[in-house]
>>> print(open('protein_33.pdb').read())   # PDB, C-alpha atoms, pLDDT in the B column
ATOM      1  CA  MET A   1       0.000   0.000   0.000  1.00 50.00           C
ATOM      2  CA  THR A   2       1.411   3.383  -0.968  1.00 55.00           C
ATOM      3  CA  THR A   3       0.254   6.903  -0.355  1.00 54.00           C
ATOM      4  CA  CYS A   4       0.311   9.820  -2.704  1.00 52.00           C
ATOM      5  CA  ILE A   5       1.404  13.216  -1.421  1.00 54.00           C
ATOM      6  CA  ASP A   6       0.263  16.179  -3.451  1.00 51.00           C
ATOM      7  CA  ILE A   7       2.733  19.031  -3.107  1.00 54.00           C
ATOM      8  CA  ASN A   8       0.316  21.561  -4.589  1.00 56.00           C
ATOM      9  CA  ASN A   9      -2.244  20.802  -1.911  1.00 55.00           C
ATOM     10  CA  SER A  10      -0.196  22.169   1.061  1.00 53.00           C
ATOM     11  CA  GLY A  11       1.454  18.845   1.844  1.00 52.00           C
ATOM     12  CA  THR A  12      -1.686  16.919   2.843  1.00 52.00           C
ATOM     13  CA  GLU A  13      -1.958  13.215   2.161  1.00 54.00           C
ATOM     14  CA  ASN A  14      -4.633  11.762  -0.048  1.00 54.00           C
ATOM     15  CA  GLN A  15      -6.318   8.388   0.242  1.00 58.00           C
ATOM     16  CA  PRO A  16      -4.007   5.374  -0.160  1.00 57.00           C
ATOM     17  CA  LEU A  17      -3.452   4.114  -3.677  1.00 56.00           C
ATOM     18  CA  HIS A  18      -3.694   0.361  -4.051  1.00 56.00           C
ATOM     19  CA  GLU A  19      -1.721  -1.290  -6.763  1.00 57.00           C
ATOM     20  CA  ASN A  20      -3.934  -4.306  -6.879  1.00 56.00           C
ATOM     21  CA  GLN A  21      -7.590  -3.480  -6.140  1.00 55.00           C
ATOM     22  CA  GLU A  22      -8.774  -7.093  -6.377  1.00 55.00           C
ATOM     23  CA  GLN A  23      -6.320  -8.295  -3.777  1.00 53.00           C
ATOM     24  CA  THR A  24      -7.254  -5.620  -1.232  1.00 53.00           C
ATOM     25  CA  THR A  25     -10.989  -6.244  -1.536  1.00 53.00           C
ATOM     26  CA  GLN A  26     -10.476  -9.948  -0.923  1.00 56.00           C
ATOM     27  CA  ASP A  27      -8.291  -9.349   2.158  1.00 55.00           C
ATOM     28  CA  VAL A  28     -10.885  -7.188   3.919  1.00 55.00           C
ATOM     29  CA  GLN A  29     -13.215  -9.220   6.106  1.00 58.00           C
ATOM     30  CA  GLU A  30     -16.708  -7.963   6.598  1.00 58.00           C
ATOM     31  CA  ALA A  31     -18.191  -8.208  10.076  1.00 53.00           C
ATOM     32  CA  PRO A  32     -21.651  -9.654  10.590  1.00 54.00           C
ATOM     33  CA  VAL A  33     -24.330  -7.025  11.190  1.00 52.00           C
ATOM     34  CA  ASP A  34     -25.511  -8.404  14.577  1.00 53.00           C
ATOM     35  CA  THR A  35     -22.085  -8.096  16.277  1.00 58.00           C
ATOM     36  CA  ASP A  36     -21.588  -4.342  15.810  1.00 64.00           C
ATOM     37  CA  VAL A  37     -21.791  -3.751  19.556  1.00 61.00           C
ATOM     38  CA  GLU A  38     -19.018  -6.267  20.207  1.00 67.00           C
ATOM     39  CA  HIS A  39     -16.800  -4.654  17.577  1.00 63.00           C
ATOM     40  CA  VAL A  40     -17.319  -1.219  19.055  1.00 63.00           C
ATOM     41  CA  ALA A  41     -16.490  -2.518  22.519  1.00 64.00           C
ATOM     42  CA  MET A  42     -13.387  -4.322  21.246  1.00 67.00           C
ATOM     43  CA  SER A  43     -12.180  -1.271  19.344  1.00 68.00           C
ATOM     44  CA  LEU A  44     -12.635   0.897  22.424  1.00 64.00           C
ATOM     45  CA  LEU A  45     -10.653  -1.591  24.507  1.00 64.00           C
ATOM     46  CA  GLU A  46      -7.860  -1.710  21.940  1.00 69.00           C
ATOM     47  CA  HIS A  47      -7.812   2.085  21.744  1.00 61.00           C
ATOM     48  CA  HIS A  48      -7.587   2.335  25.542  1.00 57.00           C
ATOM     49  CA  GLU A  49      -4.773  -0.249  25.692  1.00 59.00           C
ATOM     50  CA  ASN A  50      -2.808   1.594  23.018  1.00 58.00           C
ATOM     51  CA  GLU A  51      -3.144   4.889  24.882  1.00 57.00           C
ATOM     52  CA  SER A  52      -2.141   3.430  28.237  1.00 54.00           C
ATOM     53  CA  LYS A  53       1.081   1.954  26.815  1.00 57.00           C
ATOM     54  CA  GLY A  54       2.398   5.323  25.695  1.00 54.00           C
ATOM     55  CA  PRO A  55       4.950   7.253  27.752  1.00 53.00           C
ATOM     56  CA  SER A  56       2.626  10.228  28.061  1.00 53.00           C
ATOM     57  CA  ASN A  57       0.363   8.380  30.522  1.00 50.00           C
ATOM     58  CA  MET A  58       3.122   7.031  32.742  1.00 48.00           C
ATOM     59  CA  LYS A  59       3.063   8.398  36.271  1.00 50.00           C
ATOM     60  CA  SER A  60       6.189  10.353  37.083  1.00 48.00           C
ATOM     61  CA  PHE A  61       7.531  10.716  40.581  1.00 51.00           C
ATOM     62  CA  ASN A  62      10.337  13.069  39.605  1.00 61.00           C
ATOM     63  CA  ILE A  63      10.257  16.417  41.346  1.00 61.00           C
ATOM     64  CA  GLU A  64      11.133  19.452  39.311  1.00 66.00           C
ATOM     65  CA  PRO A  65      14.305  21.226  40.452  1.00 70.00           C
ATOM     66  CA  ALA A  66      12.366  24.356  41.380  1.00 68.00           C
ATOM     67  CA  TYR A  67      10.363  22.379  43.955  1.00 65.00           C
ATOM     68  CA  GLN A  68      13.133  20.226  45.453  1.00 72.00           C
ATOM     69  CA  ASN A  69      14.234  20.602  49.064  1.00 76.00           C
ATOM     70  CA  THR A  70      17.047  23.057  49.708  1.00 80.00           C
ATOM     71  CA  ILE A  71      19.231  23.846  52.702  1.00 81.00           C
ATOM     72  CA  GLU A  72      17.231  27.033  53.348  1.00 78.00           C
ATOM     73  CA  ASN A  73      13.862  25.229  53.078  1.00 75.00           C
ATOM     74  CA  PRO A  74      14.122  21.496  53.877  1.00 76.00           C
ATOM     75  CA  TYR A  75      10.329  21.075  53.661  1.00 73.00           C
ATOM     76  CA  LYS A  76       9.894  22.674  50.238  1.00 69.00           C
ATOM     77  CA  GLU A  77       8.552  19.471  48.648  1.00 63.00           C
ATOM     78  CA  THR A  78       5.769  19.243  51.210  1.00 65.00           C
ATOM     79  CA  THR A  79       4.817  22.902  50.982  1.00 59.00           C
ATOM     80  CA  VAL A  80       1.755  23.460  48.854  1.00 52.00           C
ATOM     81  CA  THR A  81       2.350  26.456  46.637  1.00 56.00           C
ATOM     82  CA  LEU A  82      -1.247  26.985  45.550  1.00 58.00           C
ATOM     83  CA  PRO A  83      -3.046  28.903  48.307  1.00 57.00           C
ATOM     84  CA  HIS A  84      -6.529  27.705  47.319  1.00 60.00           C
ATOM     85  CA  LEU A  85      -5.415  24.087  47.825  1.00 59.00           C
ATOM     86  CA  VAL A  86      -4.094  24.633  51.349  1.00 57.00           C
ATOM     87  CA  LYS A  87      -6.461  23.236  53.933  1.00 68.00           C
ATOM     88  CA  LYS A  88      -6.857  25.903  56.580  1.00 78.00           C
ATOM     89  CA  MET A  89      -6.921  24.692  60.168  1.00 82.00           C
ATOM     90  CA  PRO A  90      -8.190  26.774  63.072  1.00 85.00           C
ATOM     91  CA  GLU A  91      -5.344  28.249  65.087  1.00 84.00           C
ATOM     92  CA  GLU A  92      -6.978  27.051  68.309  1.00 86.00           C
ATOM     93  CA  GLN A  93      -6.235  23.448  67.349  1.00 89.00           C
ATOM     94  CA  LEU A  94      -2.536  24.178  66.841  1.00 88.00           C
ATOM     95  CA  LEU A  95      -1.842  26.121  70.035  1.00 90.00           C
ATOM     96  CA  PRO A  96      -1.669  25.014  73.676  1.00 89.00           C
ATOM     97  CA  ARG A  97      -4.926  25.296  75.609  1.00 87.00           C
ATOM     98  CA  PRO A  98      -5.460  28.856  76.840  1.00 90.00           C
ATOM     99  CA  TRP A  99      -4.084  30.529  73.697  1.00 91.00           C
ATOM    100  CA  ARG A 100      -6.265  31.080  70.632  1.00 93.00           C
ATOM    101  CA  THR A 101      -4.092  32.888  68.066  1.00 94.00           C
ATOM    102  CA  PHE A 102      -0.444  33.033  67.112  1.00 94.00           C
ATOM    103  CA  ASN A 103      -0.421  36.768  67.829  1.00 95.00           C
ATOM    104  CA  GLN A 104      -1.247  36.023  71.471  1.00 95.00           C
ATOM    105  CA  VAL A 105       1.720  33.650  71.651  1.00 96.00           C
ATOM    106  CA  VAL A 106       3.988  36.303  70.129  1.00 96.00           C
ATOM    107  CA  CYS A 107       2.778  38.877  72.706  1.00 97.00           C
ATOM    108  CA  LEU A 108       3.338  36.325  75.476  1.00 96.00           C
ATOM    109  CA  SER A 109       6.891  35.818  74.257  1.00 97.00           C
ATOM    110  CA  TYR A 110       7.539  39.588  74.296  1.00 97.00           C
ATOM    111  CA  ILE A 111       6.279  39.805  77.889  1.00 97.00           C
ATOM    112  CA  SER A 112       8.467  36.846  78.857  1.00 97.00           C
ATOM    113  CA  ILE A 113      11.497  38.812  77.625  1.00 96.00           C
ATOM    114  CA  LEU A 114      10.781  41.341  80.404  1.00 96.00           C
ATOM    115  CA  PHE A 115      11.029  38.629  83.067  1.00 96.00           C
ATOM    116  CA  CYS A 116      14.054  36.699  81.800  1.00 95.00           C
ATOM    117  CA  MET A 117      15.922  38.012  78.794  1.00 95.00           C
ATOM    118  CA  CYS A 118      17.816  34.802  77.928  1.00 95.00           C
ATOM    119  CA  ILE A 119      14.858  32.425  77.841  1.00 96.00           C
ATOM    120  CA  GLY A 120      12.423  35.061  76.555  1.00 97.00           C
ATOM    121  CA  VAL A 121      14.454  35.585  73.387  1.00 97.00           C
ATOM    122  CA  PHE A 122      14.182  31.872  72.594  1.00 97.00           C
ATOM    123  CA  ALA A 123      10.447  31.992  73.267  1.00 97.00           C
ATOM    124  CA  ASN A 124      10.077  34.895  70.853  1.00 97.00           C
ATOM    125  CA  ARG A 125      12.122  33.108  68.223  1.00 97.00           C
ATOM    126  CA  TYR A 126       9.977  29.974  68.547  1.00 97.00           C
ATOM    127  CA  ALA A 127       6.754  32.010  68.398  1.00 97.00           C
ATOM    128  CA  TRP A 128       7.780  33.705  65.146  1.00 96.00           C
ATOM    129  CA  ARG A 129       8.810  30.348  63.658  1.00 96.00           C
ATOM    130  CA  ALA A 130       5.413  28.922  64.563  1.00 95.00           C
ATOM    131  CA  LYS A 131       3.652  31.850  62.930  1.00 94.00           C
ATOM    132  CA  LEU A 132       5.790  31.463  59.793  1.00 94.00           C
ATOM    133  CA  GLN A 133       5.148  27.714  59.524  1.00 93.00           C
ATOM    134  CA  ASN A 134       1.417  28.289  59.949  1.00 90.00           C
ATOM    135  CA  GLY A 135       1.499  30.765  57.071  1.00 88.00           C
ATOM    136  CA  LYS A 136       3.221  28.176  54.874  1.00 85.00           C
ATOM    137  CA  GLY A 137       0.614  25.548  55.713  1.00 82.00           C
ATOM    138  CA  LEU A 138       2.997  23.293  57.662  1.00 88.00           C
ATOM    139  CA  TYR A 139       0.689  22.730  60.598  1.00 90.00           C
ATOM    140  CA  GLY A 140       2.700  20.024  62.337  1.00 90.00           C
ATOM    141  CA  LEU A 141       5.742  22.274  62.541  1.00 93.00           C
ATOM    142  CA  ALA A 142       3.595  25.227  63.586  1.00 93.00           C
ATOM    143  CA  GLN A 143       2.187  23.184  66.440  1.00 94.00           C
ATOM    144  CA  LYS A 144       5.653  22.046  67.517  1.00 95.00           C
ATOM    145  CA  TRP A 145       7.155  25.554  67.519  1.00 96.00           C
ATOM    146  CA  SER A 146       4.137  27.119  69.245  1.00 96.00           C
ATOM    147  CA  ARG A 147       4.286  24.525  72.012  1.00 96.00           C
ATOM    148  CA  ARG A 148       7.985  25.256  72.498  1.00 96.00           C
ATOM    149  CA  ALA A 149       7.318  29.004  72.513  1.00 97.00           C
ATOM    150  CA  VAL A 150       4.674  28.700  75.216  1.00 97.00           C
ATOM    151  CA  TYR A 151       6.821  26.385  77.349  1.00 97.00           C
ATOM    152  CA  ALA A 152       9.809  28.717  77.009  1.00 97.00           C
ATOM    153  CA  SER A 153       7.611  31.685  77.964  1.00 97.00           C
ATOM    154  CA  TYR A 154       6.338  29.872  81.056  1.00 97.00           C
ATOM    155  CA  THR A 155       9.906  28.987  81.981  1.00 97.00           C
ATOM    156  CA  ALA A 156      10.981  32.613  81.525  1.00 97.00           C
ATOM    157  CA  PHE A 157       8.187  33.764  83.873  1.00 97.00           C
ATOM    158  CA  VAL A 158       9.172  31.276  86.567  1.00 96.00           C
ATOM    159  CA  VAL A 159      12.881  32.005  86.319  1.00 96.00           C
ATOM    160  CA  GLY A 160      12.176  35.756  86.282  1.00 96.00           C
ATOM    161  CA  LEU A 161       9.997  35.560  89.394  1.00 95.00           C
ATOM    162  CA  ILE A 162      12.600  33.481  91.197  1.00 95.00           C
ATOM    163  CA  ILE A 163      15.272  36.014  90.308  1.00 93.00           C
ATOM    164  CA  ILE A 164      13.032  38.908  91.409  1.00 92.00           C
ATOM    165  CA  ILE A 165      12.338  37.220  94.760  1.00 91.00           C
ATOM    166  CA  ILE A 166      15.853  35.911  95.478  1.00 89.00           C
ATOM    167  CA  VAL A 167      17.839  39.042  94.533  1.00 87.00           C
ATOM    168  CA  PRO A 168      16.170  41.382  97.077  1.00 87.00           C
ATOM    169  CA  LEU A 169      16.311  38.717  99.780  1.00 85.00           C
ATOM    170  CA  THR A 170      20.014  38.137  99.274  1.00 86.00           C
ATOM    171  CA  ALA A 171      20.656  41.872  99.212  1.00 85.00           C
ATOM    172  CA  THR A 172      19.117  42.279 102.664  1.00 85.00           C
ATOM    173  CA  ASN A 173      20.714  39.029 103.978  1.00 76.00           C
ATOM    174  CA  THR A 174      17.447  37.771 105.453  1.00 61.00           C
ATOM    175  CA  ILE A 175      17.807  34.248 104.149  1.00 56.00           C
TER     176      ILE A 175
END
>>> encode(input="protein_33.pdb", output="structure tokens")
Amino acid sequence: MTTCIDINNSGTENQPLHENQEQTTQDVQEAPVDTDVEHVAMSLLEHHENESKGPSNMKSFNIEPAYQNTIENPYKETTVTLPHLVKKMPEEQLLPRPWRTFNQVVCLSYISILFCMCIGVFANRYAWRAKLQNGKGLYGLAQKWSRRAVYASYTAFVVGLIIIIIVPLTATNTI
């Protein structure tokens, strides 16, 4: 079977030209009329099998270089970049019990700096990390950092109160 390409007709192919018409009509088998449904079903199955074998339908687990983890962002692959696909969780579920928003935890960390500077700075750092992770949609990390921020703030309050009570007592030598 050969095809004829007409150059004058913008390079489109015409119907195949058969050298021996008698031979081609004998080779074609005609299907019985009552099995049209079976032929349609078989052709659809064959078409589906041919499509599924192609490389275009293979699932790829390669991550594009723009979305791979880096040293600056080790969780980049898990970060969803489309904001409408990020499932928003209430902040109350991510924070320890009495606190309802990340802003409250940040304010708590600033107040803890007044009591004990060393521990309060860590509490503030943890609070801002928690707020950042929540904005990225990494709720597990946000919960971890917020818990650490609150615990560090509580520790700063206790250490600050102990220092405030012990320093005046030692200055007056009443211990």
>>> closest_residue(input="protein_33.pdb", among="A:Val150, A:Ile163, A:Cys107, A:Leu95", to="Ala123 (chain A)", atoms="only C-alpha atoms")
A:Val150
>>> residues_around(input="protein_33.pdb", residues="Ala156 (chain A)", least_positions_apart="4", cutoff="9 Å", atoms="only C-alpha atoms", output="PDB file with C-alpha atoms, in the coordinates of the input")
ATOM      1  CA  SER A 109       6.891  35.818  74.257  1.00 97.00           C
ATOM      2  CA  SER A 112       8.467  36.846  78.857  1.00 97.00           C
ATOM      3  CA  ILE A 113      11.497  38.812  77.625  1.00 96.00           C
ATOM      4  CA  LEU A 114      10.781  41.341  80.404  1.00 96.00           C
ATOM      5  CA  PHE A 115      11.029  38.629  83.067  1.00 96.00           C
ATOM      6  CA  CYS A 116      14.054  36.699  81.800  1.00 95.00           C
ATOM      7  CA  MET A 117      15.922  38.012  78.794  1.00 95.00           C
ATOM      8  CA  CYS A 118      17.816  34.802  77.928  1.00 95.00           C
ATOM      9  CA  ILE A 119      14.858  32.425  77.841  1.00 96.00           C
ATOM     10  CA  GLY A 120      12.423  35.061  76.555  1.00 97.00           C
ATOM     11  CA  ALA A 123      10.447  31.992  73.267  1.00 97.00           C
ATOM     12  CA  TYR A 151       6.821  26.385  77.349  1.00 97.00           C
ATOM     13  CA  ALA A 152       9.809  28.717  77.009  1.00 97.00           C
ATOM     14  CA  GLY A 160      12.176  35.756  86.282  1.00 96.00           C
ATOM     15  CA  LEU A 161       9.997  35.560  89.394  1.00 95.00           C
TER      16      LEU A 161
END
>>> atom_distance(input="protein_33.pdb", atom1="CA of Glu91 (chain A)", atom2="CA of Arg125 (chain A)")
18.4 Å
>>> residues_around(input="protein_33.pdb", residues="Ala149 (chain A)", least_positions_apart="3", cutoff="12 Å", atoms="all atoms listed in the file", output="JSON, numbers by chain")
{"A": [95, 96, 99, 102, 103, 104, 105, 106, 107, 108, 109, 110, 112, 113, 119, 120, 121, 122, 123, 124, 125, 126, 127, 128, 129, 130, 131, 142, 143, 144, 145, 146, 152, 153, 154, 155, 156]}
>>> closest_residue(input="protein_33.pdb", among="A:Ile166, A:Pro65, A:Lys88, A:Pro74", to="Gly135 (chain A)", atoms="all atoms listed in the file")
A:Lys88
>>> closest_residue(input="protein_33.pdb", among="A:Val159, A:Ile164, A:Leu169, A:Leu138", to="Asn73 (chain A)", atoms="all atoms listed in the file")
A:Leu138
>>> atom_distance(input="protein_33.pdb", atom1="CA of Arg100 (chain A)", atom2="CA of Tyr75 (chain A)")
25.8 Å
>>> atom_distance(input="protein_33.pdb", atom1="CA of Arg147 (chain A)", atom2="CA of Pro90 (chain A)")
15.5 Å
>>> axis_aligned_box(input="protein_33.pdb", around="region 124-143 of chain A", padding_each_side="3 Å", output="lines of an AutoDock Vina configuration file")
center_x = 6.4
center_y = 27.5
center_z = 62.9
size_x = 17.5
size_y = 20.9
size_z = 22.0
